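Q: I'd like to ask some things about the structure below.
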Amino acid sequence: MFIIRTNMRTVPVEEKRQKNEILPVKRQKGEKMNGKEYVESVIETVKAKNPSQAEFHQAVEEVLNTLVPVLDKEPKYMKHKILERITEPERQVLFRVTWEDDNGELHVNRGMRIEFNSAIGPYKGGLRFHPTVNIGIIKFLGFEQIFKNALTGLPMGGGKGGSDFDPHGKSDAEIRRFTENFMMELYRHIGPDTDVPAGDIGVGGREIGYLFGTYKKIVDRFEGVLTGKGLNWGGSLIRPEATGYGATYYLMEMLKSKGTDLKGKRVAISGSGNVAQFAAEKVTQLGGRVVTFSDSRGSMYLPDGLNDDIWKAVYETKAIKHGKLQEVAEKFNLPWYAGKKAWEVAAKEGQVDVAFPSATQNEIDLNDAKLLTNAGVMAVVEGANMPSTLDAIHHFMDNGVLFGPAKAANAGGVAVSGLEMSQNSMRLAWTREEVDQKLQQIMVNIYNTGAKYAEKYGDPGDLLMGSNIGGFVKVADAMIDQGNY
Ligand code: NDP
């Protein structure tokens with residue numbers, strides 16, 4: 001019998017499914033489920049229908065558990081089976097990508113695109129190239145993207161895609177051959193009014209360039225089918241900076257709610273890629289002291305904070321040369337901790353005021369959360385997607401730490417992608433100041449939406465609950481308006 005473990009219990013799922021006991025929960029005739037029971041039954045069904053997709057389960061649990069108050073108040077969401085529908089992607093595309101390396105050897109990878117929800121606009125979300133990519137990870141990212149995109153206030157649905165291709169150590173020619181073959185299949189599923197991918201881990205300006213060139217060659221049209229494009233061929237100013245800058249603007253709103261700002265604050269950043277680089281730049285501009293960067297090999301400590309020379313070296317080493325962070329540490333004689341996370345290093349070296357995870361999912365577990373609270377952390381702002389485990393989040397909240405959830409805090413990237421789509425449609429380009437000003441306004445609005453719904457549903461300051469509800473009601477109401485598809 002097929003057994004799935006959920007919440008420490010062993011559930012004989014197949015047996016339950018055969019008996020049709022999973023959904024709906026058995027009740028007396030006419031008796032209605034309350035919000036909590038509805039959420040529990042849908043989570044159980046999601047786990048049963050999507051076994052071995054731990055990250056997807058985690059994302060669904062995180063969102064659904066915070067929706068209970070709105071489900072209790074608004075029975076229409078249960079009546080229209082919104083939770084069952086919103087946790088099931090509208091379309092999932094899986095495909096083979098065969099490519100040739102520089103020695104003429106063939107390799108086979110798996111490509112995928114999850115078109116999760118188009119209730120408020122075309123599917124929108126990045127592509128991730130990383131060896132850990134699987135359907136569960138892309139589904140968690142696509143699911144989060146639905147609510148994040150809704151929070152931006154722009155008309156974008158949720159989607160995500162990628163491949164288990166590992167770009168580390170590949171030549172430019174290998175990257176190009178892989179991306180060409182990836183797009184040979186993806187092109188038929190995307191379009192400027194259908195699905196508009198962007199970058200994510202392992203997909204930066206170089207990859208977007210190759211992907212766009214291949215798409216254009218196949219369809220023979222120059223159109224805004226991808227965002228994160230180069231500036232002289234349809235890209236938007238501030239797009240590379242947008243996620244890191246936006247998360248920092250969001251952090252400023254969090255700190256403002258406690259009557260403080262970034263001046264003199266010690267900020268531990270993880271990662272050294274796109275999000276980490278521009279978060280570090282903006283934090284430094286606003287008076288914060290960045291104390292760490294990291295990559296998949298270890299962490300670097302910055303005893304005197306960040307300066308222009310170190311920032312440029314990190315940017316060139318990671319964004320241009322696709323190299324190792326350790327080389328930057330050696331060049332500037334900075335302490336390097338092989339295999340250590342940024343949190344361990346920052347907490348060992350002194351006080352940590354702000355944690356700014358900007359690498360990958362589940363990079364802050366309960367142990368890390370305890371290290372951070374012991375080091376005095378007052379705010380956690382999620383630059384990466386789902387970087388904190390559920391028990392780490394609970395630990396932060398129980399200890400009065402301000403918590404800025406990913407789907408709100410890191411929405412600046414997709415927001416400026418939305419602005420890139422608008423500029424492409426209008427065939428004009430806004431100035432750097434115009435885009436930055438719109439980004440700042442969007443991040444303030446996202447913060448206010450989360451704060452407003454947290455207050456409305458009885459837990460002021462709970463930005464996780466407030467942001468989830470804010471994103472959810474917008475999408476759910478659109479789904480109801482558009483009928484039961
Ligand atoms: P990049 O590929 O530019 O950088 C990723 C960074 O994280 C690198 O330093 C990488 O190290 C490190 N990293 C990746 N995977 C792991 C791992 N398993 N363990 C330890 N370190 C790891 O990606 P981005 O900066 O674009 O993305 C970072 C996070 O932000 C992701 O969660 C992404 O989904 C999220 N995000 C990104 C947005 C964007 O606009 N780019 C928008 C919203 C969210 P190494 O170089 O050694 O691989």
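Here, A, B, ... name the chains of the structure tokens in the order displayed, residue numbers run from 1 inside each chain, and ligands are numbered from 1 in the same displayed order.
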Output the neighbourhood of ligand 1 as number ranges by chain, that is, all protein and nucleic acid residues with some atom at most 6 Å from the ligand, counting only C-alpha atoms and all ligand atoms.
A: A: 199-202, 243, 271-276, 295-297, 358-361, 383-385, 410, 413
Q: Mind checking which residues fall within 12 Å of Lys331 of chain A, counting only C-alpha atoms, ignoring those fewer than 6 positions away in the same chain, and posting them as a list in words?
A: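 With the cut-off at 12 Å, the set is Met300, Asp309, Ile310, Ala313, Val314, Thr317, Lys324 and Leu325 of chain A.
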Q: From the set A:Thr227, A:Asn34, A:Asn367, A:Thr248, which residue has the shortest atom-to-atom contact distance to Met421 of chain A, counting only C-alpha atoms?
A: A:Thr227
Q: Leaving out Ala280 of chain A and any residue of its chain fewer than 5 positions from it, which residues lie within 9 Å of it when counting only C-alpha atoms, given as a ChimeraX atom specification?
A: /A:244-245,248,267,269,275,285,288-290,293,306,311
Q: Grab the residues selected above and save them as an mmCIF file, in the first residue's frame with N, CA and C atoms.
A:
data_model
loop_
_atom_site.group_PDB
_atom_site.id
_atom_site.type_symbol
_atom_site.label_atom_id
_atom_site.label_comp_id
_atom_site.auth_asym_id
_atom_site.auth_seq_id
_atom_site.Cartn_x
_atom_site.Cartn_y
_atom_site.Cartn_z
ATOM 1 N N GLY A 244 16.158 43.083 -5.276
ATOM 2 C CA GLY A 244 16.949 43.492 -4.111
ATOM 3 C C GLY A 244 16.564 44.884 -3.610
ATOM 4 N N TYR A 245 16.406 45.828 -4.538
ATOM 5 C CA TYR A 245 15.995 47.185 -4.136
ATOM 6 C C TYR A 245 14.593 47.131 -3.504
ATOM 7 N N THR A 248 14.443 45.836 -0.085
ATOM 8 C CA THR A 248 15.000 46.802 0.875
ATOM 9 C C THR A 248 13.984 47.922 1.149
ATOM 10 N N VAL A 267 23.424 43.925 8.876
ATOM 11 C CA VAL A 267 22.513 43.146 8.022
ATOM 12 C C VAL A 267 23.250 41.926 7.471
ATOM 13 N N ILE A 269 23.302 39.084 4.884
ATOM 14 C CA ILE A 269 22.685 38.709 3.606
ATOM 15 C C ILE A 269 23.239 37.347 3.200
ATOM 16 N N VAL A 275 19.703 38.886 -6.491
ATOM 17 C CA VAL A 275 18.949 39.506 -5.396
ATOM 18 C C VAL A 275 19.904 40.021 -4.319
ATOM 19 N N GLN A 285 23.485 51.905 0.730
ATOM 20 C CA GLN A 285 23.113 53.299 0.407
ATOM 21 C C GLN A 285 22.244 53.910 1.499
ATOM 22 N N GLY A 288 22.796 51.003 6.140
ATOM 23 C CA GLY A 288 22.986 49.719 6.832
ATOM 24 C C GLY A 288 24.396 49.189 6.606
ATOM 25 N N ARG A 289 24.802 48.242 7.460
ATOM 26 C CA ARG A 289 26.129 47.634 7.308
ATOM 27 C C ARG A 289 25.956 46.170 6.937
ATOM 28 N N VAL A 290 26.310 45.833 5.695
ATOM 29 C CA VAL A 290 26.190 44.432 5.234
ATOM 30 C C VAL A 290 27.347 43.640 5.818
ATOM 31 N N PHE A 293 28.035 37.817 2.761
ATOM 32 C CA PHE A 293 27.531 37.279 1.493
ATOM 33 C C PHE A 293 27.804 35.775 1.556
ATOM 34 N N LEU A 306 30.290 46.799 3.525
ATOM 35 C CA LEU A 306 30.517 46.713 2.076
ATOM 36 C C LEU A 306 31.058 48.049 1.565
ATOM 37 N N TRP A 311 31.805 45.394 -3.695
ATOM 38 C CA TRP A 311 30.554 45.171 -4.424
ATOM 39 C C TRP A 311 30.833 44.844 -5.897
#
Q: Counting only C-alpha atoms, what is within 7 Å of Gly162 of chain A, bar same-chain residues fewer than 4 positions away, as a PyMOL selection string?
A: chain A and resi 111-113+127-129
Q: Using only C-alpha atoms, which residue out of A:His168, A:Ala150, A:Ala369, A:Glu241 lies closest to Gly418 of chain A?
A: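 Nearest candidate to Gly418 of chain A out of A:His168, A:Ala150, A:Ala369, A:Glu241: A:Ala150.
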Q: Report, in Å to a single decimal, how far apart atom CA of Pro167 of chain A and atom CA of Ala355 of chain A are.
A: 27.7 Å
Q: Which is closest to Pro51 of chain A among A:Met426, A:His189, A:Ile135, A:Tyr447, if we use only C-alpha atoms?
A: A:Ile135
Q: Go ahead and compute the interatomic distance for atom CA of Val380 of chain A and atom CA of Ala268 of chain A, in Å to one decimal.
A: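 Atom CA of Ala268 of chain A lies at a distance of 9.7 Å from atom CA of Val380 of chain A.
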Q: Which one is closest to Glu185 of chain A: A:Leu211, A:Leu463, A:Ile82, A:Met443? Count only C-alpha atoms.
A: A:Leu211
Q: So which residues touch Phe147 of chain A within 10 Å, counting only C-alpha atoms, skipping near sequence neighbours fewer than 5 positions away, as a PDB file with C-alpha atoms, in the first residue's frame?
A:
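Output below, filename part-v4.pdb:
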ATOM      1  CA  VAL A  63      -0.648  29.945   2.638  1.00  0.00           C
ATOM      2  CA  ASN A 117      -3.358  30.585 -12.469  1.00  0.00           C
ATOM      3  CA  GLY A 142       4.386  28.904  -9.194  1.00  0.00           C
ATOM      4  CA  THR A 152       1.837  44.034  -6.977  1.00  0.00           C
ATOM      5  CA  MET A 156      -0.291  39.182 -13.910  1.00  0.00           C
ATOM      6  CA  GLY A 157      -1.245  35.561 -13.276  1.00  0.00           C
ATOM      7  CA  GLY A 158       1.116  33.035 -11.675  1.00  0.00           C
ATOM      8  CA  LYS A 407       5.675  36.864  -1.603  1.00  0.00           C
ATOM      9  CA  ALA A 408       5.430  40.471  -0.409  1.00  0.00           C
ATOM     10  CA  ALA A 411       7.692  41.105  -5.330  1.00  0.00           C
ATOM     11  CA  SER A 467      -0.167  39.405   2.564  1.00  0.00           C
ATOM     12  CA  ASN A 468      -1.561  35.927   1.940  1.00  0.00           C
ATOM     13  CA  ILE A 469      -5.118  37.143   2.448  1.00  0.00           C
ATOM     14  CA  GLY A 470      -4.527  40.309   0.382  1.00  0.00           C
ATOM     15  CA  GLY A 471      -3.245  38.298  -2.591  1.00  0.00           C
ATOM     16  CA  PHE A 472      -5.821  35.544  -2.163  1.00  0.00           C
ATOM     17  CA  VAL A 473      -9.019  37.637  -2.149  1.00  0.00           C
ATOM     18  CA  LYS A 474      -8.033  39.415  -5.352  1.00  0.00           C
ATOM     19  CA  VAL A 475      -7.405  36.179  -7.260  1.00  0.00           C
TER      20      VAL A 475
END
Q: Please report the interatomic distance between atom CA of Ser236 of chain A and atom CA of Gln423 of chain A in Å with one decimal.
A: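 Going from atom CA of Ser236 of chain A over to atom CA of Gln423 of chain A covers 7.7 Å.
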Q: Kindly provide the residues of segment 165-188 of chain A that approach segment 100-104 of chain A to within 8 Å, each paired with its closest atom pair and their distance in Å to one decimal, based on only C-alpha atoms, listed by chain and increasing number, as a Markdown table.
A:
| residue | atom | partner | partner_atom | distance |
| --- | --- | --- | --- | --- |
| A:Ser171 | CA | A:Asp102 | CA | 7.9 |
| A:Ala173 | CA | A:Asp102 | CA | 7.5 |
| A:Glu174 | CA | A:Asp101 | CA | 5.6 |
| A:Arg177 | CA | A:Glu100 | CA | 6.9 |
| A:Phe178 | CA | A:Glu100 | CA | 7.7 |
Q: With N, CA, C and O atoms retained, could you export that selection as a compact mmCIF listing (two decimals), in the first residue's frame?
A:
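File produced: out.txt:
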# COMPACT_ATOMS: atom_id res chain seq x y z
N SER A 171 30.39 26.20 -20.47
CA SER A 171 30.88 27.28 -21.34
C SER A 171 29.68 28.07 -21.88
O SER A 171 28.54 27.59 -21.86
N ALA A 173 29.00 28.54 -24.92
CA ALA A 173 28.42 27.79 -26.05
C ALA A 173 27.49 26.68 -25.53
O ALA A 173 26.43 26.41 -26.12
N GLU A 174 27.86 26.05 -24.43
CA GLU A 174 27.00 24.99 -23.86
C GLU A 174 25.70 25.59 -23.33
O GLU A 174 24.61 25.04 -23.53
N ARG A 177 23.57 26.37 -26.36
CA ARG A 177 22.95 25.18 -26.97
C ARG A 177 21.82 24.64 -26.09
O ARG A 177 20.77 24.23 -26.58
N PHE A 178 22.03 24.67 -24.77
CA PHE A 178 20.97 24.19 -23.89
C PHE A 178 19.73 25.09 -24.00
O PHE A 178 18.60 24.61 -24.16
Q: Applying 12 Å and only C-alpha atoms, which residues near Asp481 of chain A remain after dropping the ones on its own chain fewer than 2 positions away? List them as a CSV table (one decimal) with C-alpha atoms, in the first residue's frame.
A:
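To be explicit, this is the file written out as around.csv:
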chain,number,residue,atom,x,y,z
A,76,LYS,CA,-18.4,31.9,-1.1
A,77,TYR,CA,-14.8,30.7,-1.3
A,80,HIS,CA,-16.9,27.9,-5.3
A,82,ILE,CA,-11.6,28.0,-4.6
A,119,ALA,CA,-7.4,34.7,-13.2
A,120,ILE,CA,-5.9,38.2,-13.2
A,473,VAL,CA,-9.0,37.6,-2.1
A,474,LYS,CA,-8.0,39.4,-5.4
A,475,VAL,CA,-7.4,36.2,-7.3
A,476,ALA,CA,-10.3,34.2,-5.7
A,477,ASP,CA,-12.8,37.0,-6.5
A,478,ALA,CA,-11.6,37.1,-10.1
A,479,MET,CA,-12.0,33.3,-10.3
A,483,GLY,CA,-17.1,31.2,-13.7
A,484,ASN,CA,-16.2,27.7,-12.7
A,485,TYR,CA,-13.4,26.7,-15.0
